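Q: Below is protein-v6.cif; it holds mmCIF, C-alpha atoms.
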data_query
#
loop_
_atom_site.label_atom_id
_atom_site.label_comp_id
_atom_site.auth_asym_id
_atom_site.auth_seq_id
_atom_site.Cartn_x
_atom_site.Cartn_y
_atom_site.Cartn_z
CA MET A 1 18.85 -3.84 13.87
CA LEU A 2 15.75 -5.28 12.20
CA ARG A 3 15.23 -7.75 15.01
CA LYS A 4 15.26 -4.90 17.54
CA PHE A 5 12.75 -2.98 15.40
CA LEU A 6 10.45 -5.98 15.13
CA ALA A 7 10.56 -6.55 18.86
CA ALA A 8 9.64 -2.91 19.43
CA ALA A 9 6.86 -3.12 16.86
CA ALA A 10 5.37 -6.10 18.66
CA VAL A 11 5.10 -4.09 21.87
CA VAL A 12 3.74 -0.96 20.19
CA PHE A 13 1.11 -2.73 18.13
CA GLY A 14 0.18 -5.41 20.65
CA VAL A 15 1.07 -8.46 18.59
CA GLY A 16 2.96 -10.24 21.35
CA SER A 17 6.63 -11.04 21.59
CA ILE A 18 8.59 -11.74 18.45
CA ALA A 19 9.57 -15.36 18.10
CA LEU A 20 12.55 -15.44 15.80
CA ALA A 21 12.29 -19.21 15.41
CA ALA A 22 10.30 -20.85 12.62
CA THR A 23 6.94 -20.23 14.29
CA PRO A 24 4.67 -18.36 14.57
CA LEU A 25 4.18 -17.19 10.99
CA LYS A 26 5.31 -13.56 10.88
CA VAL A 27 3.43 -11.33 8.44
CA GLY A 28 4.68 -7.81 7.68
CA VAL A 29 2.35 -4.99 6.65
CA SER A 30 2.27 -1.20 6.55
CA ALA A 31 0.25 0.49 9.29
CA GLY A 32 -3.45 1.01 8.64
CA PRO A 33 -6.33 -0.92 7.06
CA TYR A 34 -4.17 -3.59 5.42
CA ALA A 35 -3.24 -4.78 8.91
CA ASP A 36 -6.90 -4.98 10.01
CA ILE A 37 -7.61 -7.47 7.22
CA LEU A 38 -4.56 -9.55 8.10
CA ARG A 39 -5.52 -9.63 11.78
CA PHE A 40 -9.00 -10.85 10.84
CA THR A 41 -7.38 -13.53 8.65
CA ALA A 42 -5.06 -14.51 11.51
CA GLU A 43 -8.06 -15.16 13.76
CA LYS A 44 -9.53 -17.48 11.12
CA ALA A 45 -6.16 -19.17 10.57
CA LYS A 46 -6.06 -20.28 14.20
CA LYS A 47 -8.76 -22.84 13.33
CA ASP A 48 -6.23 -24.43 10.95
CA GLY A 49 -3.55 -24.44 13.62
CA ILE A 50 -1.69 -21.53 12.05
CA ASP A 51 -0.43 -18.99 14.57
CA ALA A 52 0.17 -15.76 12.65
CA GLU A 53 1.77 -12.62 14.06
CA ILE A 54 0.89 -9.39 12.25
CA ILE A 55 3.72 -6.86 12.40
CA GLU A 56 3.06 -3.27 11.32
CA PHE A 57 5.70 -0.99 9.81
CA THR A 58 5.44 2.76 9.37
CA ASP A 59 8.23 2.92 6.75
CA TRP A 60 7.49 1.32 3.37
CA THR A 61 11.11 0.26 2.87
CA LEU A 62 11.26 -1.92 5.99
CA PRO A 63 8.79 -4.77 5.20
CA ASN A 64 10.89 -5.93 2.23
CA GLU A 65 14.15 -5.44 4.12
CA ALA A 66 12.79 -7.55 6.98
CA LEU A 67 11.48 -10.20 4.58
CA ASN A 68 14.74 -10.46 2.69
CA ALA A 69 16.64 -10.75 6.00
CA GLY A 70 14.38 -13.60 7.11
CA ASP A 71 12.96 -11.68 10.08
CA ILE A 72 9.42 -12.10 8.73
CA ASP A 73 7.94 -14.86 6.55
CA LEU A 74 5.77 -12.88 4.14
CA ASN A 75 4.43 -9.39 3.64
CA ASN A 76 1.38 -7.77 2.10
CA PHE A 77 1.66 -4.04 1.58
CA GLN A 78 2.90 -3.39 -1.96
CA HIS A 79 1.86 -3.67 -5.58
CA GLN A 80 3.88 -5.55 -8.19
CA PRO A 81 5.65 -2.52 -9.72
CA TYR A 82 6.92 -1.48 -6.27
CA LEU A 83 8.16 -5.02 -5.56
CA ASP A 84 9.80 -5.22 -8.99
CA ASN A 85 11.62 -1.94 -8.36
CA GLN A 86 12.80 -3.07 -4.91
CA VAL A 87 14.10 -6.36 -6.30
CA LYS A 88 15.89 -4.56 -9.13
CA THR A 89 17.45 -1.77 -7.09
CA ARG A 90 18.20 -3.61 -3.84
CA GLY A 91 18.90 -7.11 -5.11
CA TYR A 92 16.26 -8.77 -2.92
CA ASP A 93 15.48 -12.44 -3.50
CA LEU A 94 11.71 -11.93 -3.25
CA VAL A 95 8.74 -13.00 -5.39
CA SER A 96 5.00 -12.39 -5.34
CA VAL A 97 2.80 -15.45 -4.82
CA ALA A 98 -0.77 -14.09 -4.85
CA ARG A 99 -2.89 -11.00 -5.41
CA SER A 100 -4.72 -9.52 -2.44
CA ILE A 101 -6.57 -6.21 -2.57
CA ILE A 102 -6.78 -2.94 -4.42
CA VAL A 103 -6.29 -0.05 -2.01
CA PRO A 104 -7.24 3.01 -4.04
CA PHE A 105 -5.07 6.07 -4.28
CA GLY A 106 -7.14 9.23 -4.12
CA LEU A 107 -6.92 12.96 -4.61
CA TYR A 108 -7.65 14.63 -1.28
CA SER A 109 -7.96 18.25 -0.25
CA LYS A 110 -8.75 20.29 2.86
CA LYS A 111 -9.51 23.34 0.72
CA LEU A 112 -11.35 22.06 -2.35
CA THR A 113 -14.52 20.02 -2.81
CA SER A 114 -14.28 19.15 -6.52
CA LEU A 115 -11.82 18.76 -9.36
CA ALA A 116 -13.47 21.72 -11.06
CA ALA A 117 -12.36 23.94 -8.17
CA ILE A 118 -8.66 23.35 -8.88
CA LYS A 119 -7.22 26.66 -10.02
CA ASP A 120 -4.35 27.50 -12.34
CA GLY A 121 -1.02 27.16 -10.53
CA ALA A 122 -2.41 24.93 -7.78
CA THR A 123 0.05 23.00 -5.63
CA THR A 124 -0.14 19.24 -5.28
CA ALA A 125 2.10 16.31 -4.31
CA ILE A 126 2.75 12.70 -5.20
CA PRO A 127 4.74 9.94 -3.40
CA ASN A 128 8.50 10.19 -3.92
CA ASP A 129 9.23 6.47 -4.52
CA PRO A 130 9.40 5.56 -8.22
CA SER A 131 6.45 3.20 -8.69
CA ASN A 132 4.03 5.13 -6.49
CA ALA A 133 5.10 8.39 -8.13
CA ALA A 134 4.04 6.85 -11.44
CA ARG A 135 0.78 5.73 -9.88
CA GLY A 136 0.13 9.23 -8.57
CA LEU A 137 0.86 10.76 -11.95
CA GLN A 138 -1.53 8.32 -13.61
CA LEU A 139 -4.26 9.41 -11.20
CA LEU A 140 -3.60 13.06 -12.03
CA GLU A 141 -3.90 12.09 -15.70
CA LYS A 142 -7.16 10.25 -15.02
CA ALA A 143 -8.46 13.43 -13.41
CA GLY A 144 -7.69 15.28 -16.64
CA LEU A 145 -5.14 17.51 -14.93
CA ILE A 146 -2.02 16.38 -16.83
CA LYS A 147 -1.10 14.25 -19.81
CA LEU A 148 1.76 11.75 -19.76
CA LYS A 149 3.97 10.62 -22.60
CA PRO A 150 2.42 7.54 -24.28
CA GLY A 151 3.86 4.33 -22.90
CA ALA A 152 5.28 5.87 -19.72
CA GLY A 153 3.30 3.37 -17.66
CA ALA A 154 4.60 2.21 -14.27
CA GLN A 155 7.93 3.98 -14.88
CA ALA A 156 6.38 7.42 -15.40
CA THR A 157 8.10 10.40 -13.78
CA VAL A 158 7.35 14.12 -13.77
CA ALA A 159 9.70 14.34 -16.75
CA ASP A 160 7.10 12.35 -18.73
CA ILE A 161 4.43 15.05 -18.34
CA VAL A 162 3.75 16.38 -21.83
CA ALA A 163 0.79 18.61 -20.94
CA ASN A 164 -0.01 20.49 -17.72
CA PRO A 165 -2.80 22.89 -18.71
CA LYS A 166 -3.42 24.12 -15.14
CA HIS A 167 0.31 24.62 -14.54
CA LEU A 168 0.20 22.45 -11.44
CA LYS A 169 3.19 22.69 -9.11
CA ILE A 170 3.94 19.06 -8.27
CA GLN A 171 6.02 18.17 -5.23
CA GLU A 172 7.40 14.71 -4.45
CA LEU A 173 7.12 13.75 -0.75
CA ASP A 174 7.38 10.66 1.39
CA ALA A 175 4.06 8.82 1.13
CA ALA A 176 3.46 8.88 4.88
CA GLN A 177 3.86 12.68 4.93
CA LEU A 178 1.27 13.41 2.24
CA PRO A 179 -1.81 13.67 4.54
CA ARG A 180 -0.02 16.14 6.83
CA ALA A 181 1.15 18.14 3.82
CA LEU A 182 -2.47 18.89 2.89
CA ASP A 183 -2.37 21.92 5.18
CA ASP A 184 0.17 23.48 2.83
CA LEU A 185 -1.12 22.11 -0.49
CA ASP A 186 -4.26 22.69 -2.53
CA PHE A 187 -4.68 18.93 -2.91
CA SER A 188 -2.56 15.79 -2.91
CA VAL A 189 -2.36 12.18 -3.98
CA VAL A 190 -2.75 10.01 -0.86
CA SER A 191 -2.76 6.23 -0.44
CA LEU A 192 -5.91 4.96 1.29
CA ASN A 193 -4.07 3.43 4.25
CA TYR A 194 -2.45 6.76 5.09
CA ALA A 195 -5.69 8.62 4.36
CA LEU A 196 -7.63 6.52 6.88
CA THR A 197 -4.85 6.71 9.45
CA ALA A 198 -4.96 10.52 9.14
CA GLY A 199 -8.75 10.62 9.50
CA LEU A 200 -9.47 11.56 5.87
CA ASP A 201 -12.80 10.40 4.41
CA PRO A 202 -12.44 8.51 1.09
CA LYS A 203 -16.04 9.43 0.27
CA LYS A 204 -14.95 13.07 0.20
CA ALA A 205 -11.96 12.46 -2.06
CA LEU A 206 -11.88 14.51 -5.24
CA LEU A 207 -11.18 11.28 -7.13
CA LEU A 208 -10.47 7.65 -6.26
CA GLU A 209 -9.01 4.81 -8.30
CA ASP A 210 -11.61 2.21 -9.22
CA ASP A 211 -11.68 -1.60 -9.47
CA HIS A 212 -10.00 -1.42 -12.90
CA SER A 213 -6.79 -0.26 -11.25
CA GLN A 214 -3.68 -2.25 -12.15
CA TRP A 215 -2.16 -1.45 -8.75
CA ASN A 216 -3.40 -4.43 -6.74
CA LEU A 217 -1.37 -5.49 -3.72
CA VAL A 218 0.51 -8.78 -3.65
CA PHE A 219 1.78 -11.24 -1.07
CA ALA A 220 5.56 -11.45 -1.24
CA VAL A 221 7.91 -14.11 0.14
CA LYS A 222 11.53 -15.16 -0.20
CA THR A 223 11.87 -17.29 -3.32
CA LYS A 224 12.75 -20.40 -1.31
CA ASN A 225 9.44 -20.11 0.59
CA LYS A 226 7.08 -19.73 -2.36
CA ASP A 227 5.71 -23.26 -1.81
CA ASN A 228 5.69 -23.17 1.99
CA PRO A 229 2.46 -24.98 3.06
CA ALA A 230 1.68 -22.70 6.02
CA ILE A 231 2.13 -19.57 3.91
CA LYS A 232 0.00 -20.99 1.11
CA ARG A 233 -2.77 -21.95 3.54
CA PHE A 234 -2.71 -18.53 5.23
CA ILE A 235 -3.13 -16.86 1.83
CA GLU A 236 -5.97 -19.25 0.94
CA ILE A 237 -7.77 -18.21 4.12
CA TYR A 238 -7.14 -14.55 3.29
CA ARG A 239 -8.62 -15.06 -0.18
CA SER A 240 -11.82 -16.60 1.19
CA SER A 241 -15.42 -15.46 0.88
CA GLU A 242 -15.52 -14.74 4.61
CA VAL A 243 -12.58 -12.36 4.46
CA LYS A 244 -13.99 -10.78 1.30
CA ALA A 245 -17.26 -10.08 3.14
CA TYR A 246 -15.30 -8.59 6.04
CA ILE A 247 -13.46 -6.24 3.66
CA LEU A 248 -16.73 -5.10 2.08
CA ASN A 249 -18.47 -4.51 5.40
CA ARG A 250 -15.51 -3.06 7.27
CA PHE A 251 -14.43 -0.62 4.57
CA ASN A 252 -17.74 0.06 2.83
CA GLY A 253 -16.39 -0.67 -0.64
CA THR A 254 -13.36 1.62 -0.39
CA ILE A 255 -11.00 -1.38 -0.39
CA LEU A 256 -11.58 -3.85 -3.19
CA ALA A 257 -10.91 -7.61 -3.09
CA THR A 258 -9.33 -9.19 -6.20
CA TRP A 259 -11.08 -12.55 -5.82
#
Let me see the structure of the file written as structure tokens.
A:
Amino acid sequence: MLRKFLAAAAVVFGVGSIALAATPLKVGVSAGPYADILRFTAEKAKKDGIDAEIIEFTDWTLPNEALNAGDIDLNNFQHQPYLDNQVKTRGYDLVSVARSIIVPFGLYSKKLTSLAAIKDGATTAIPNDPSNAARGLQLLEKAGLIKLKPGAGAQATVADIVANPKHLKIQELDAAQLPRALDDLDFSVVSLNYALTAGLDPKKALLLEDDHSQWNLVFAVKTKNKDNPAIKRFIEIYRSSEVKAYILNRFNGTILATW
């Protein structure tokens, strides 16, 4: 099933035919800006003789499923709490091997232009997967809209809200659906990759995470491949000054490098 999906993804996203042998290096990523950075890295990696195929997924659960099945060699789309939850709940034999970028979550609205404009009883939404739900709740707390139970951290749920002075009505939706849901909500938490894909402007967000965010993305591999030379070299190229400059220029500071 996964092999058929990957083959279809290669056609849709123009990454060539899927070679299910050891080469080329297959890198999984969620659709959007993360993939642009990996494609730029892949072009640079060619100089080192590394042929990398960038495979985009539109469902956040698939990159880890494909990695665990051995259909891709590494992925870069998730933060550590999300990976930890996937390993715990699905039994995947995956580990993180390097930090990559911070892709800020933001509060977006098609109806409001400031946090101050949020009215009592406003409707909002957060992602429905556990770690990103916690991240969304933390952003609402940063905005001063709710207060979470002390120590809730990366496991926070709506049950950990101890103060909701504006009586927000909080829905939990699939992360990819959040931009489209803005037509029916007053505002919503949206991940930057989905915001950009939907044509939302991060500069017009009501609030964005900053470079102090703990939610940096990581490169993940199967445990047996954590010392694979080709993977390590690809990540070194990714974490180079040239790629960092590309990220700054391409995304105008809305995506933050961790090196």
Q: So which one's closest to A:Ala125, A:Pro179, A:Pro150, A:Pro229, A:Gly70? Using all atoms listed in the file, please.
A: A:Pro179
Q: I need the residue nearest A:Lys110 from this list: A:Asp174, A:Asp59, A:Asp184, A:Asp211. Use all atoms listed in the file for the distance.
A: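 So, comparing all the options, the nearest one is A:Asp184.
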Q: Between atom CA of A:Phe40 and atom CA of A:Asn75, what is the distance in Å, rounded to a tenth?
A: 15.3 Å
Q: One decimal, in Å: what's the spacing between atom CA of A:Asn128 and atom CA of A:Ala154?
A: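 For atom CA of A:Asn128 relative to atom CA of A:Ala154, the distance reads 13.6 Å.
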Q: Kindly indicate which residue among A:Lys111, A:Lys232, A:Lys147, A:Lys224 lies nearest to A:Thr124, using all atoms listed in the file for the distances.
A: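 When distances to A:Thr124 are compared using all atoms listed in the file, the smallest one comes from A:Lys111.
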Q: Do you know which residues are at most 12 Å from stretch 194-202 of chain A counting all atoms listed in the file, after dropping those on the same chain fewer than 3 positions away, and could you put them as a ChimeraX atom specification?
A: /A:30-36,58-60,103-110,127,174-182,188-191,205-209,251-255
Q: With all atoms listed in the file as the atoms that count, which of A:Leu148, A:Ser100, A:Phe57, A:Ala45 lies nearest to A:Val162?
A: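 Looking only at the distances to A:Val162, the closest residue turns out to be A:Leu148.
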Q: Out of A:Pro165, A:Gly121, A:Gly49, A:Gly153, which residue has the shortest atom-to-atom distance to A:Ala134 when counting all atoms listed in the file?
A: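 Ranked by minimum distance to A:Ala134, first place goes to A:Gly153.
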